[in-house]
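Just data_25.cif here, mmCIF, N, CA and C atoms:
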```cif
data_coords
loop_
_atom_site.label_atom_id
_atom_site.label_comp_id
_atom_site.auth_asym_id
_atom_site.auth_seq_id
_atom_site.Cartn_x
_atom_site.Cartn_y
_atom_site.Cartn_z
N VAL Z 1311 4.83 24.93 -2.66
CA VAL Z 1311 4.47 23.60 -2.22
C VAL Z 1311 5.73 22.89 -1.71
N GLN Z 1312 5.57 22.10 -0.67
CA GLN Z 1312 6.67 21.28 -0.17
C GLN Z 1312 6.37 19.82 -0.48
N LEU Z 1313 7.42 19.09 -0.86
CA LEU Z 1313 7.27 17.69 -1.24
C LEU Z 1313 8.12 16.82 -0.32
N GLN Z 1314 7.54 15.71 0.09
CA GLN Z 1314 8.22 14.79 0.99
C GLN Z 1314 8.14 13.39 0.40
N ALA Z 1315 9.28 12.88 -0.04
CA ALA Z 1315 9.34 11.54 -0.62
C ALA Z 1315 9.68 10.52 0.45
N SER Z 1316 9.15 9.32 0.28
CA SER Z 1316 9.42 8.23 1.21
C SER Z 1316 9.25 6.90 0.50
N GLY Z 1317 9.66 5.82 1.19
CA GLY Z 1317 9.43 4.49 0.65
C GLY Z 1317 10.66 3.80 0.10
N GLY Z 1318 11.78 4.50 0.08
CA GLY Z 1318 12.99 3.88 -0.41
C GLY Z 1318 13.50 2.82 0.54
N GLY Z 1319 14.48 2.06 0.08
CA GLY Z 1319 15.05 1.02 0.91
C GLY Z 1319 15.94 0.09 0.11
N LEU Z 1320 16.29 -1.02 0.73
CA LEU Z 1320 17.15 -2.02 0.10
C LEU Z 1320 16.27 -3.19 -0.35
N VAL Z 1321 16.45 -3.57 -1.60
CA VAL Z 1321 15.65 -4.66 -2.16
C VAL Z 1321 16.54 -5.48 -3.09
N GLN Z 1322 16.23 -6.75 -3.20
CA GLN Z 1322 16.98 -7.59 -4.11
C GLN Z 1322 16.49 -7.40 -5.54
N ALA Z 1323 17.36 -7.68 -6.47
CA ALA Z 1323 16.99 -7.60 -7.88
C ALA Z 1323 15.77 -8.47 -8.15
N GLY Z 1324 14.85 -7.93 -8.93
CA GLY Z 1324 13.60 -8.61 -9.19
C GLY Z 1324 12.49 -8.25 -8.24
N GLY Z 1325 12.83 -7.56 -7.18
CA GLY Z 1325 11.85 -7.19 -6.17
C GLY Z 1325 11.11 -5.91 -6.53
N SER Z 1326 10.28 -5.47 -5.59
CA SER Z 1326 9.43 -4.30 -5.83
C SER Z 1326 9.53 -3.33 -4.66
N LEU Z 1327 9.29 -2.08 -4.96
CA LEU Z 1327 9.16 -1.03 -3.96
C LEU Z 1327 8.10 -0.05 -4.44
N ARG Z 1328 7.47 0.62 -3.49
CA ARG Z 1328 6.52 1.67 -3.83
C ARG Z 1328 6.95 2.95 -3.14
N LEU Z 1329 7.28 3.94 -3.94
CA LEU Z 1329 7.64 5.24 -3.41
C LEU Z 1329 6.40 6.13 -3.31
N SER Z 1330 6.40 6.97 -2.30
CA SER Z 1330 5.32 7.92 -2.11
C SER Z 1330 5.88 9.32 -2.02
N CYS Z 1331 5.09 10.27 -2.41
CA CYS Z 1331 5.47 11.67 -2.31
C CYS Z 1331 4.25 12.45 -1.83
N ALA Z 1332 4.39 13.06 -0.68
CA ALA Z 1332 3.29 13.84 -0.11
C ALA Z 1332 3.55 15.32 -0.34
N ALA Z 1333 2.52 16.02 -0.78
CA ALA Z 1333 2.63 17.45 -1.05
C ALA Z 1333 1.85 18.24 -0.01
N SER Z 1334 2.41 19.37 0.37
CA SER Z 1334 1.70 20.27 1.26
C SER Z 1334 1.42 21.56 0.50
N GLY Z 1335 0.42 22.28 0.91
CA GLY Z 1335 0.07 23.51 0.23
C GLY Z 1335 -1.40 23.52 -0.11
N ARG Z 1336 -1.86 24.67 -0.59
CA ARG Z 1336 -3.29 24.85 -0.84
C ARG Z 1336 -3.75 24.10 -2.06
N THR Z 1337 -2.87 23.93 -3.03
CA THR Z 1337 -3.27 23.30 -4.27
C THR Z 1337 -2.34 22.16 -4.62
N PHE Z 1338 -2.85 21.26 -5.44
CA PHE Z 1338 -2.04 20.14 -5.92
C PHE Z 1338 -2.17 20.07 -7.45
N SER Z 1339 -2.45 21.22 -8.04
CA SER Z 1339 -2.72 21.27 -9.49
C SER Z 1339 -1.42 21.36 -10.27
N TYR Z 1340 -0.59 20.36 -10.09
CA TYR Z 1340 0.71 20.35 -10.76
C TYR Z 1340 0.87 19.09 -11.58
N ILE Z 1341 1.66 19.18 -12.60
CA ILE Z 1341 2.21 17.97 -13.20
C ILE Z 1341 3.28 17.49 -12.24
N MET Z 1342 3.27 16.20 -11.95
CA MET Z 1342 4.22 15.63 -11.00
C MET Z 1342 5.18 14.69 -11.72
N GLY Z 1343 6.39 14.67 -11.26
CA GLY Z 1343 7.39 13.81 -11.87
C GLY Z 1343 8.25 13.12 -10.83
N TRP Z 1344 8.86 12.05 -11.26
CA TRP Z 1344 9.89 11.36 -10.48
C TRP Z 1344 11.19 11.39 -11.29
N PHE Z 1345 12.26 11.72 -10.61
CA PHE Z 1345 13.60 11.70 -11.18
C PHE Z 1345 14.48 10.86 -10.27
N ARG Z 1346 15.65 10.50 -10.77
CA ARG Z 1346 16.59 9.77 -9.93
C ARG Z 1346 18.01 10.19 -10.26
N GLN Z 1347 18.87 10.01 -9.28
CA GLN Z 1347 20.28 10.36 -9.48
C GLN Z 1347 21.14 9.29 -8.82
N ALA Z 1348 21.91 8.62 -9.64
CA ALA Z 1348 22.84 7.62 -9.15
C ALA Z 1348 24.17 8.29 -8.84
N PRO Z 1349 24.99 7.69 -7.98
CA PRO Z 1349 26.29 8.29 -7.64
C PRO Z 1349 27.13 8.56 -8.87
N GLY Z 1350 27.62 9.77 -8.98
CA GLY Z 1350 28.48 10.14 -10.08
C GLY Z 1350 27.78 10.40 -11.39
N LYS Z 1351 26.46 10.37 -11.37
CA LYS Z 1351 25.70 10.58 -12.60
C LYS Z 1351 24.77 11.79 -12.46
N GLU Z 1352 24.30 12.26 -13.60
CA GLU Z 1352 23.37 13.38 -13.60
C GLU Z 1352 21.96 12.88 -13.23
N ARG Z 1353 21.18 13.82 -12.77
CA ARG Z 1353 19.78 13.50 -12.45
C ARG Z 1353 19.05 13.16 -13.75
N GLU Z 1354 18.28 12.08 -13.71
CA GLU Z 1354 17.58 11.66 -14.91
C GLU Z 1354 16.10 11.46 -14.64
N PHE Z 1355 15.33 11.68 -15.67
CA PHE Z 1355 13.89 11.55 -15.62
C PHE Z 1355 13.48 10.08 -15.50
N VAL Z 1356 12.44 9.85 -14.71
CA VAL Z 1356 11.89 8.51 -14.57
C VAL Z 1356 10.45 8.46 -15.10
N ALA Z 1357 9.59 9.32 -14.58
CA ALA Z 1357 8.18 9.26 -14.97
C ALA Z 1357 7.50 10.58 -14.62
N ALA Z 1358 6.40 10.86 -15.31
CA ALA Z 1358 5.60 12.06 -15.03
C ALA Z 1358 4.13 11.74 -15.22
N ILE Z 1359 3.30 12.53 -14.55
CA ILE Z 1359 1.86 12.31 -14.62
C ILE Z 1359 1.16 13.66 -14.63
N SER Z 1360 0.12 13.75 -15.44
CA SER Z 1360 -0.64 14.99 -15.54
C SER Z 1360 -1.48 15.20 -14.29
N TRP Z 1361 -2.06 16.39 -14.18
CA TRP Z 1361 -2.85 16.72 -12.99
C TRP Z 1361 -4.00 15.75 -12.81
N SER Z 1362 -4.67 15.40 -13.89
CA SER Z 1362 -5.82 14.51 -13.80
C SER Z 1362 -5.43 13.05 -13.63
N GLY Z 1363 -4.16 12.76 -13.94
CA GLY Z 1363 -3.73 11.36 -13.92
C GLY Z 1363 -3.98 10.66 -15.24
N GLY Z 1364 -4.58 11.39 -16.19
CA GLY Z 1364 -4.94 10.77 -17.45
C GLY Z 1364 -3.79 10.59 -18.42
N ARG Z 1365 -2.72 11.30 -18.18
CA ARG Z 1365 -1.56 11.18 -19.06
C ARG Z 1365 -0.34 10.85 -18.22
N THR Z 1366 0.44 9.89 -18.71
CA THR Z 1366 1.68 9.54 -18.06
C THR Z 1366 2.78 9.42 -19.11
N TYR Z 1367 3.99 9.52 -18.62
CA TYR Z 1367 5.14 9.48 -19.53
C TYR Z 1367 6.28 8.83 -18.77
N TYR Z 1368 6.99 7.90 -19.42
CA TYR Z 1368 8.04 7.14 -18.76
C TYR Z 1368 9.34 7.19 -19.56
N ALA Z 1369 10.42 7.12 -18.84
CA ALA Z 1369 11.70 6.90 -19.48
C ALA Z 1369 11.72 5.49 -20.06
N ASP Z 1370 12.40 5.33 -21.16
CA ASP Z 1370 12.45 4.00 -21.79
C ASP Z 1370 13.02 2.94 -20.85
N SER Z 1371 13.92 3.35 -19.98
CA SER Z 1371 14.61 2.40 -19.10
C SER Z 1371 13.68 1.79 -18.05
N VAL Z 1372 12.53 2.43 -17.79
CA VAL Z 1372 11.63 1.92 -16.76
C VAL Z 1372 10.28 1.53 -17.31
N LYS Z 1373 10.04 1.79 -18.56
CA LYS Z 1373 8.73 1.51 -19.17
C LYS Z 1373 8.40 0.03 -19.04
N GLY Z 1374 7.19 -0.25 -18.60
CA GLY Z 1374 6.76 -1.62 -18.40
C GLY Z 1374 7.09 -2.19 -17.03
N ARG Z 1375 7.93 -1.50 -16.28
CA ARG Z 1375 8.30 -1.96 -14.94
C ARG Z 1375 7.80 -1.02 -13.85
N PHE Z 1376 7.79 0.27 -14.13
CA PHE Z 1376 7.38 1.27 -13.15
C PHE Z 1376 6.02 1.85 -13.54
N THR Z 1377 5.25 2.23 -12.54
CA THR Z 1377 3.96 2.87 -12.77
C THR Z 1377 3.81 4.07 -11.85
N ILE Z 1378 3.53 5.22 -12.45
CA ILE Z 1378 3.28 6.42 -11.68
C ILE Z 1378 1.78 6.61 -11.54
N SER Z 1379 1.36 7.08 -10.36
CA SER Z 1379 -0.05 7.33 -10.12
C SER Z 1379 -0.16 8.46 -9.10
N ARG Z 1380 -1.38 8.95 -8.91
CA ARG Z 1380 -1.56 10.03 -7.96
C ARG Z 1380 -2.94 9.95 -7.33
N ASP Z 1381 -3.03 10.51 -6.14
CA ASP Z 1381 -4.29 10.63 -5.42
C ASP Z 1381 -4.44 12.10 -5.07
N ASN Z 1382 -5.21 12.83 -5.86
CA ASN Z 1382 -5.32 14.27 -5.67
C ASN Z 1382 -6.01 14.63 -4.36
N ALA Z 1383 -6.92 13.81 -3.91
CA ALA Z 1383 -7.61 14.09 -2.65
C ALA Z 1383 -6.64 14.08 -1.48
N LYS Z 1384 -5.65 13.21 -1.56
CA LYS Z 1384 -4.64 13.10 -0.50
C LYS Z 1384 -3.38 13.88 -0.81
N LYS Z 1385 -3.33 14.51 -1.99
CA LYS Z 1385 -2.15 15.27 -2.42
C LYS Z 1385 -0.91 14.38 -2.40
N MET Z 1386 -1.02 13.24 -3.04
CA MET Z 1386 0.10 12.31 -3.06
C MET Z 1386 0.32 11.77 -4.47
N VAL Z 1387 1.56 11.45 -4.73
CA VAL Z 1387 1.93 10.79 -5.98
C VAL Z 1387 2.78 9.58 -5.62
N PHE Z 1388 2.65 8.53 -6.42
CA PHE Z 1388 3.30 7.27 -6.12
C PHE Z 1388 4.12 6.78 -7.31
N LEU Z 1389 5.09 5.97 -7.00
CA LEU Z 1389 5.86 5.30 -8.05
C LEU Z 1389 5.99 3.84 -7.64
N GLN Z 1390 5.25 2.98 -8.32
CA GLN Z 1390 5.34 1.54 -8.10
C GLN Z 1390 6.45 1.00 -8.98
N MET Z 1391 7.44 0.39 -8.35
CA MET Z 1391 8.61 -0.09 -9.07
C MET Z 1391 8.67 -1.60 -8.95
N ASN Z 1392 8.54 -2.28 -10.06
CA ASN Z 1392 8.60 -3.74 -10.10
C ASN Z 1392 9.81 -4.20 -10.91
N SER Z 1393 10.15 -5.44 -10.75
CA SER Z 1393 11.27 -6.03 -11.51
C SER Z 1393 12.51 -5.15 -11.41
N LEU Z 1394 12.83 -4.76 -10.21
CA LEU Z 1394 13.95 -3.84 -10.01
C LEU Z 1394 15.27 -4.47 -10.40
N LYS Z 1395 16.14 -3.61 -10.91
CA LYS Z 1395 17.46 -4.03 -11.36
C LYS Z 1395 18.52 -3.25 -10.57
N PRO Z 1396 19.73 -3.79 -10.47
CA PRO Z 1396 20.79 -3.04 -9.77
C PRO Z 1396 21.00 -1.64 -10.36
N GLU Z 1397 20.80 -1.48 -11.66
CA GLU Z 1397 20.99 -0.16 -12.27
C GLU Z 1397 19.89 0.83 -11.91
N ASP Z 1398 18.87 0.38 -11.20
CA ASP Z 1398 17.84 1.29 -10.69
C ASP Z 1398 18.26 1.95 -9.38
N THR Z 1399 19.40 1.53 -8.84
CA THR Z 1399 19.90 2.11 -7.59
C THR Z 1399 20.18 3.59 -7.77
N ALA Z 1400 19.57 4.39 -6.91
CA ALA Z 1400 19.71 5.85 -7.01
C ALA Z 1400 18.91 6.50 -5.89
N VAL Z 1401 19.14 7.79 -5.74
CA VAL Z 1401 18.24 8.60 -4.91
C VAL Z 1401 17.11 9.06 -5.82
N TYR Z 1402 15.90 8.81 -5.39
CA TYR Z 1402 14.71 9.16 -6.17
C TYR Z 1402 14.08 10.43 -5.60
N TYR Z 1403 13.77 11.35 -6.51
CA TYR Z 1403 13.19 12.63 -6.14
C TYR Z 1403 11.82 12.80 -6.79
N CYS Z 1404 10.88 13.34 -6.04
CA CYS Z 1404 9.65 13.76 -6.68
C CYS Z 1404 9.72 15.26 -6.94
N ALA Z 1405 9.02 15.69 -7.95
CA ALA Z 1405 9.07 17.08 -8.36
C ALA Z 1405 7.72 17.51 -8.89
N ALA Z 1406 7.49 18.82 -8.85
CA ALA Z 1406 6.22 19.37 -9.31
C ALA Z 1406 6.49 20.58 -10.19
N THR Z 1407 5.66 20.75 -11.18
CA THR Z 1407 5.79 21.91 -12.06
C THR Z 1407 4.44 22.60 -12.24
N ARG Z 1408 4.49 23.91 -12.33
CA ARG Z 1408 3.30 24.71 -12.58
C ARG Z 1408 3.01 24.85 -14.07
N LYS Z 1409 3.89 24.35 -14.89
CA LYS Z 1409 3.77 24.49 -16.34
C LYS Z 1409 2.74 23.50 -16.86
N ALA Z 1410 1.52 23.95 -17.02
CA ALA Z 1410 0.42 23.07 -17.37
C ALA Z 1410 0.56 22.45 -18.76
N ASP Z 1411 1.38 23.07 -19.61
CA ASP Z 1411 1.51 22.58 -20.98
C ASP Z 1411 2.74 21.70 -21.18
N LEU Z 1412 3.33 21.23 -20.07
CA LEU Z 1412 4.60 20.52 -20.18
C LEU Z 1412 4.48 19.26 -21.04
N PHE Z 1413 3.36 18.55 -20.91
CA PHE Z 1413 3.19 17.36 -21.73
C PHE Z 1413 3.14 17.72 -23.21
N TYR Z 1414 2.55 18.85 -23.54
CA TYR Z 1414 2.40 19.24 -24.94
C TYR Z 1414 3.71 19.78 -25.50
N SER Z 1415 4.52 20.35 -24.64
CA SER Z 1415 5.80 20.89 -25.10
C SER Z 1415 6.85 19.81 -25.28
N GLY Z 1416 6.56 18.63 -24.75
CA GLY Z 1416 7.52 17.54 -24.89
C GLY Z 1416 8.70 17.64 -23.95
N SER Z 1417 8.57 18.42 -22.88
CA SER Z 1417 9.70 18.66 -21.99
C SER Z 1417 9.51 18.05 -20.61
N THR Z 1418 8.67 17.04 -20.49
CA THR Z 1418 8.42 16.44 -19.18
C THR Z 1418 9.67 15.83 -18.57
N TYR Z 1419 10.66 15.52 -19.41
CA TYR Z 1419 11.85 14.84 -18.92
C TYR Z 1419 12.96 15.82 -18.49
N VAL Z 1420 12.72 17.10 -18.61
CA VAL Z 1420 13.75 18.11 -18.34
C VAL Z 1420 13.66 18.58 -16.89
N PRO Z 1421 14.69 18.32 -16.07
CA PRO Z 1421 14.63 18.71 -14.65
C PRO Z 1421 14.37 20.21 -14.44
N ASN Z 1422 14.95 21.04 -15.27
CA ASN Z 1422 14.81 22.49 -15.08
C ASN Z 1422 13.38 22.99 -15.29
N GLU Z 1423 12.53 22.15 -15.85
CA GLU Z 1423 11.13 22.57 -16.07
C GLU Z 1423 10.29 22.41 -14.81
N TYR Z 1424 10.86 21.81 -13.78
CA TYR Z 1424 10.13 21.56 -12.54
C TYR Z 1424 10.49 22.63 -11.52
N ASP Z 1425 9.47 23.08 -10.80
CA ASP Z 1425 9.63 24.22 -9.89
C ASP Z 1425 9.91 23.80 -8.45
N TYR Z 1426 9.44 22.65 -8.06
CA TYR Z 1426 9.55 22.23 -6.67
C TYR Z 1426 10.11 20.81 -6.60
N TRP Z 1427 10.93 20.57 -5.59
CA TRP Z 1427 11.59 19.28 -5.44
C TRP Z 1427 11.50 18.79 -4.01
N GLY Z 1428 11.35 17.47 -3.87
CA GLY Z 1428 11.43 16.86 -2.56
C GLY Z 1428 12.88 16.57 -2.21
N GLN Z 1429 13.09 15.99 -1.05
CA GLN Z 1429 14.44 15.79 -0.54
C GLN Z 1429 15.08 14.51 -1.04
N GLY Z 1430 14.34 13.61 -1.63
CA GLY Z 1430 14.90 12.38 -2.15
C GLY Z 1430 14.80 11.22 -1.19
N THR Z 1431 14.68 10.03 -1.75
CA THR Z 1431 14.66 8.80 -0.96
C THR Z 1431 15.54 7.78 -1.69
N LEU Z 1432 16.39 7.09 -0.93
CA LEU Z 1432 17.39 6.20 -1.51
C LEU Z 1432 16.81 4.82 -1.79
N VAL Z 1433 17.01 4.37 -3.02
CA VAL Z 1433 16.64 3.02 -3.41
C VAL Z 1433 17.92 2.28 -3.77
N THR Z 1434 18.13 1.14 -3.11
CA THR Z 1434 19.31 0.33 -3.39
C THR Z 1434 18.85 -1.06 -3.80
N VAL Z 1435 19.28 -1.48 -4.98
CA VAL Z 1435 18.90 -2.79 -5.50
C VAL Z 1435 20.15 -3.66 -5.54
N SER Z 1436 20.13 -4.72 -4.79
CA SER Z 1436 21.29 -5.62 -4.73
C SER Z 1436 21.13 -6.74 -5.76
N SER Z 1437 22.27 -7.18 -6.27
CA SER Z 1437 22.25 -8.23 -7.30
C SER Z 1437 22.30 -9.61 -6.68
#
```
Using C-alpha coordinates, write down the structure that the file contains.
Amino acid sequence: VQLQASGGGLVQAGGSLRLSCAASGRTFSYIMGWFRQAPGKEREFVAAISWSGGRTYYADSVKGRFTISRDNAKKMVFLQMNSLKPEDTAVYYCAATRKADLFYSGSTYVPNEYDYWGQGTLVTVSS
(Lines of atoms letter the chains of each structure in order from A and count residues from 1; the text may use other names and numbers.)
(Lines give C-alpha, C1' and ligand atoms only; values in the text may rest on other atoms or scores of the structure.)
Protein backbone atom coordinates (compact mmCIF):
# COMPACT_ATOMS: atom_id res chain seq x y z
CA VAL A 1 0.00 0.00 0.00
CA GLN A 2 1.15 3.54 -0.70
CA LEU A 3 0.28 6.39 1.66
CA GLN A 4 0.06 10.07 0.79
CA ALA A 5 -0.23 12.59 3.60
CA SER A 6 -1.41 16.15 3.09
CA GLY A 7 -2.88 19.11 4.92
CA GLY A 8 0.13 20.48 6.72
CA GLY A 9 0.93 24.16 6.86
CA LEU A 10 1.65 27.17 9.03
CA VAL A 11 -0.81 28.00 11.79
CA GLN A 12 -0.78 30.20 14.84
CA ALA A 13 -0.85 28.73 18.32
CA GLY A 14 -4.39 27.89 19.30
CA GLY A 15 -5.38 27.23 15.72
CA SER A 16 -6.47 24.06 13.98
CA LEU A 17 -5.39 21.91 11.06
CA ARG A 18 -6.76 18.73 9.55
CA LEU A 19 -4.31 16.26 8.09
CA SER A 20 -5.38 13.67 5.55
CA CYS A 21 -3.76 10.45 4.45
CA ALA A 22 -4.87 8.70 1.29
CA ALA A 23 -4.08 5.03 0.77
CA SER A 24 -3.79 3.20 -2.50
CA GLY A 25 -4.04 -0.53 -2.97
CA ARG A 26 -6.62 -3.28 -3.03
CA THR A 27 -7.28 -3.29 0.68
CA PHE A 28 -7.42 -0.81 3.52
CA SER A 29 -7.67 -3.40 6.29
CA TYR A 30 -4.91 -1.91 8.37
CA ILE A 31 -4.51 -0.31 11.70
CA MET A 32 -3.54 3.26 10.84
CA GLY A 33 -1.36 5.59 12.82
CA TRP A 34 0.01 9.10 12.83
CA PHE A 35 3.54 9.84 13.99
CA ARG A 36 5.56 13.03 14.02
CA GLN A 37 9.19 14.02 14.03
CA ALA A 38 10.48 17.38 15.13
CA PRO A 39 13.94 18.62 14.09
CA GLY A 40 16.64 16.87 16.06
CA LYS A 41 14.20 14.53 17.75
CA GLU A 42 13.13 10.94 17.28
CA ARG A 43 9.91 10.01 15.58
CA GLU A 44 7.11 9.84 18.11
CA PHE A 45 3.66 8.35 18.18
CA VAL A 46 0.65 10.63 17.93
CA ALA A 47 -2.47 8.52 17.41
CA ALA A 48 -3.75 5.21 16.05
CA ILE A 49 -7.09 3.83 14.94
CA SER A 50 -8.35 0.31 14.43
CA TRP A 51 -9.65 -0.95 11.09
CA SER A 52 -13.27 -0.44 12.11
CA GLY A 53 -12.58 2.93 13.68
CA GLY A 54 -14.00 1.63 16.93
CA ARG A 55 -10.76 1.85 18.85
CA THR A 56 -8.41 4.78 19.05
CA TYR A 57 -5.28 5.48 21.02
CA TYR A 58 -3.51 8.79 21.63
CA ALA A 59 -0.26 10.01 23.00
CA ASP A 60 -0.75 11.84 26.27
CA SER A 61 0.66 15.01 24.72
CA VAL A 62 -2.22 15.29 22.23
CA LYS A 63 -5.09 13.67 24.09
CA GLY A 64 -8.12 15.93 24.16
CA ARG A 65 -6.76 18.12 21.35
CA PHE A 66 -6.31 15.74 18.41
CA THR A 67 -8.82 13.32 16.92
CA ILE A 68 -8.02 10.48 14.55
CA SER A 69 -10.71 9.14 12.23
CA ARG A 70 -10.99 7.15 9.03
CA ASP A 71 -13.22 6.66 6.02
CA ASN A 72 -12.73 3.11 4.79
CA ALA A 73 -14.85 3.63 1.69
CA LYS A 74 -12.47 6.36 0.56
CA LYS A 75 -9.36 4.65 1.99
CA MET A 76 -8.47 7.71 4.00
CA VAL A 77 -7.45 8.52 7.53
CA PHE A 78 -7.57 11.94 9.13
CA LEU A 79 -6.02 13.77 12.04
CA GLN A 80 -7.97 16.76 13.32
CA MET A 81 -5.63 18.93 15.34
CA ASN A 82 -7.09 21.62 17.57
CA SER A 83 -5.56 23.97 20.13
CA LEU A 84 -2.21 23.63 18.44
CA LYS A 85 0.92 24.51 20.34
CA PRO A 86 4.40 25.47 19.10
CA GLU A 87 5.66 22.12 20.42
CA ASP A 88 3.37 20.38 17.92
CA THR A 89 5.64 21.63 15.13
CA ALA A 90 6.95 18.60 13.25
CA VAL A 91 6.72 16.57 10.10
CA TYR A 92 3.67 14.36 10.45
CA TYR A 93 3.63 10.88 8.95
CA CYS A 94 0.81 8.45 8.45
CA ALA A 95 1.55 4.77 8.73
CA ALA A 96 -0.19 1.45 8.31
CA THR A 97 0.35 -1.94 9.88
CA ARG A 98 -0.86 -5.40 8.95
CA LYS A 99 -0.58 -6.52 12.56
CA ALA A 100 -4.24 -6.90 13.45
CA ASP A 101 -3.50 -7.50 17.13
CA LEU A 102 -1.46 -4.35 17.64
CA PHE A 103 -4.02 -2.76 19.94
CA TYR A 104 -4.07 -5.89 22.10
CA SER A 105 -0.30 -6.16 22.24
CA GLY A 106 -0.03 -2.61 23.52
CA SER A 107 2.47 -1.66 20.83
CA THR A 108 0.48 0.86 18.80
CA TYR A 109 3.01 3.54 19.71
CA VAL A 110 6.06 1.66 18.35
CA PRO A 111 7.17 2.90 14.89
CA ASN A 112 8.81 -0.42 13.99
CA GLU A 113 5.44 -2.18 14.25
CA TYR A 114 4.19 -0.29 11.19
CA ASP A 115 4.83 -1.69 7.73
CA TYR A 116 4.04 1.23 5.44
CA TRP A 117 4.78 4.93 5.70
CA GLY A 118 3.74 8.06 3.87
CA GLN A 119 6.13 10.82 2.90
CA GLY A 120 5.19 13.25 5.66
CA THR A 121 3.59 16.67 5.79
CA LEU A 122 5.06 19.63 7.67
CA VAL A 123 3.09 21.33 10.41
CA THR A 124 4.49 24.58 11.78
CA VAL A 125 2.84 26.26 14.76
CA SER A 126 3.94 29.80 15.45
CA SER A 127 3.76 31.37 18.90
List the neighbours of Z:Ala1358 out to 5 Å using all atoms listed in the file; skip same-chain residues closer than 4 positions along the sequence, and give me the result as an MDAnalysis selection string.
chainID Z and resid 1342:1344 1366:1367
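Excluding Z:Gly1428 itself and same-chain residues fewer than 5 positions from it, the residues having an atom within 7 Å of it are Z:Gln1312, Z:Leu1313, Z:Gln1314, Z:Ala1315, Z:Tyr1403, Z:Cys1404, Z:Ala1405, counting only C-alpha atoms.
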Name the closest residue to Z:Arg1336 among the candidates Z:Asn1382, Z:Tyr1419, Z:Lys1395, Z:Tyr1402; distances are taken between atoms, counting only C-alpha atoms.
Z:Asn1382
Pick from Z:Leu1320, Z:Phe1338, Z:Ala1348, Z:Trp1361 nearest to Z:Glu1397, counting only N, CA and C atoms:
Z:Ala1348
Go through Z:Val1401, Z:Ile1359, Z:Ala1369, Z:Met1391 and flag the residue nearest Z:Thr1434, using only C-alpha atoms for the distances.
Z:Val1401
Write down as a VMD selection string the residues of stretch 1335-1435 of chain Z whose backbone DSSP state falls under strand (DSSP E).
chain Z and resid 1341 to 1347 1354 to 1359 1366 to 1368 1376 to 1381 1386 to 1391 1400 to 1407 1426 to 1427 1431 to 1435
For stretch 1356-1370 of chain Z, I'd like the enclosing box, axis-aligned and padded by 3 Å on every side, reported as AutoDock Vina command-line options with centre and edge lengths in Å to one decimal.
```
--center_x 3.6 --center_y 9.8 --center_z -17.3 --size_x 24.8 --size_y 19.8 --size_z 15.0
```
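The result of the PyMOL selection byres (((chain Z and resi 1437 and name CA) around 10) and name CA) on the shown file is Val1321, Gln1322, Ala1323, Gly1324, Leu1394, Lys1395, Pro1396, Glu1397, Thr1434, Val1435 and Ser1436 of chain Z.
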How would you write, as a ChimeraX atom specification, the residues chosen by the PyMOL selection byres (((chain Z and resi 1368 and name CA) around 12) and name CA) on this structure?
/Z:1343-1345,1354-1359,1365-1367,1369-1379,1389,1413,1418-1419
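With all atoms listed in the file as the atoms that count, the residue of Z:Val1311, Z:Tyr1424, Z:Ser1339, Z:Gln1347 with the shortest distance to Z:Ser1360 is Z:Ser1339.
As for atom CA of Z:Lys1385 and atom CA of Z:Gly1317, they are spaced 16.1 Å apart.
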Compile the contact shell of Z:Lys1409 as a VMD selection string: residues with an atom at most 8 Å away, counting only N, CA and C atoms, same-chain residues fewer than 2 positions apart removed.
chain Z and resid 1339 to 1341 1406 to 1407 1411 to 1413 1423 to 1425
Quick check for you: according to DSSP on this backbone, which residues of chain Z are classed as helix (DSSP H, G or I)? Reply as a list in words.
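Put together, the selection reads Pro1396, Glu1397, Asp1398, Leu1412, Phe1413, Tyr1414, Ser1415, Pro1421, Asn1422 and Glu1423 of chain Z.
Straight-line separation from atom C of Z:Ser1415 to atom C of Z:Arg1346: 21.0 Å.
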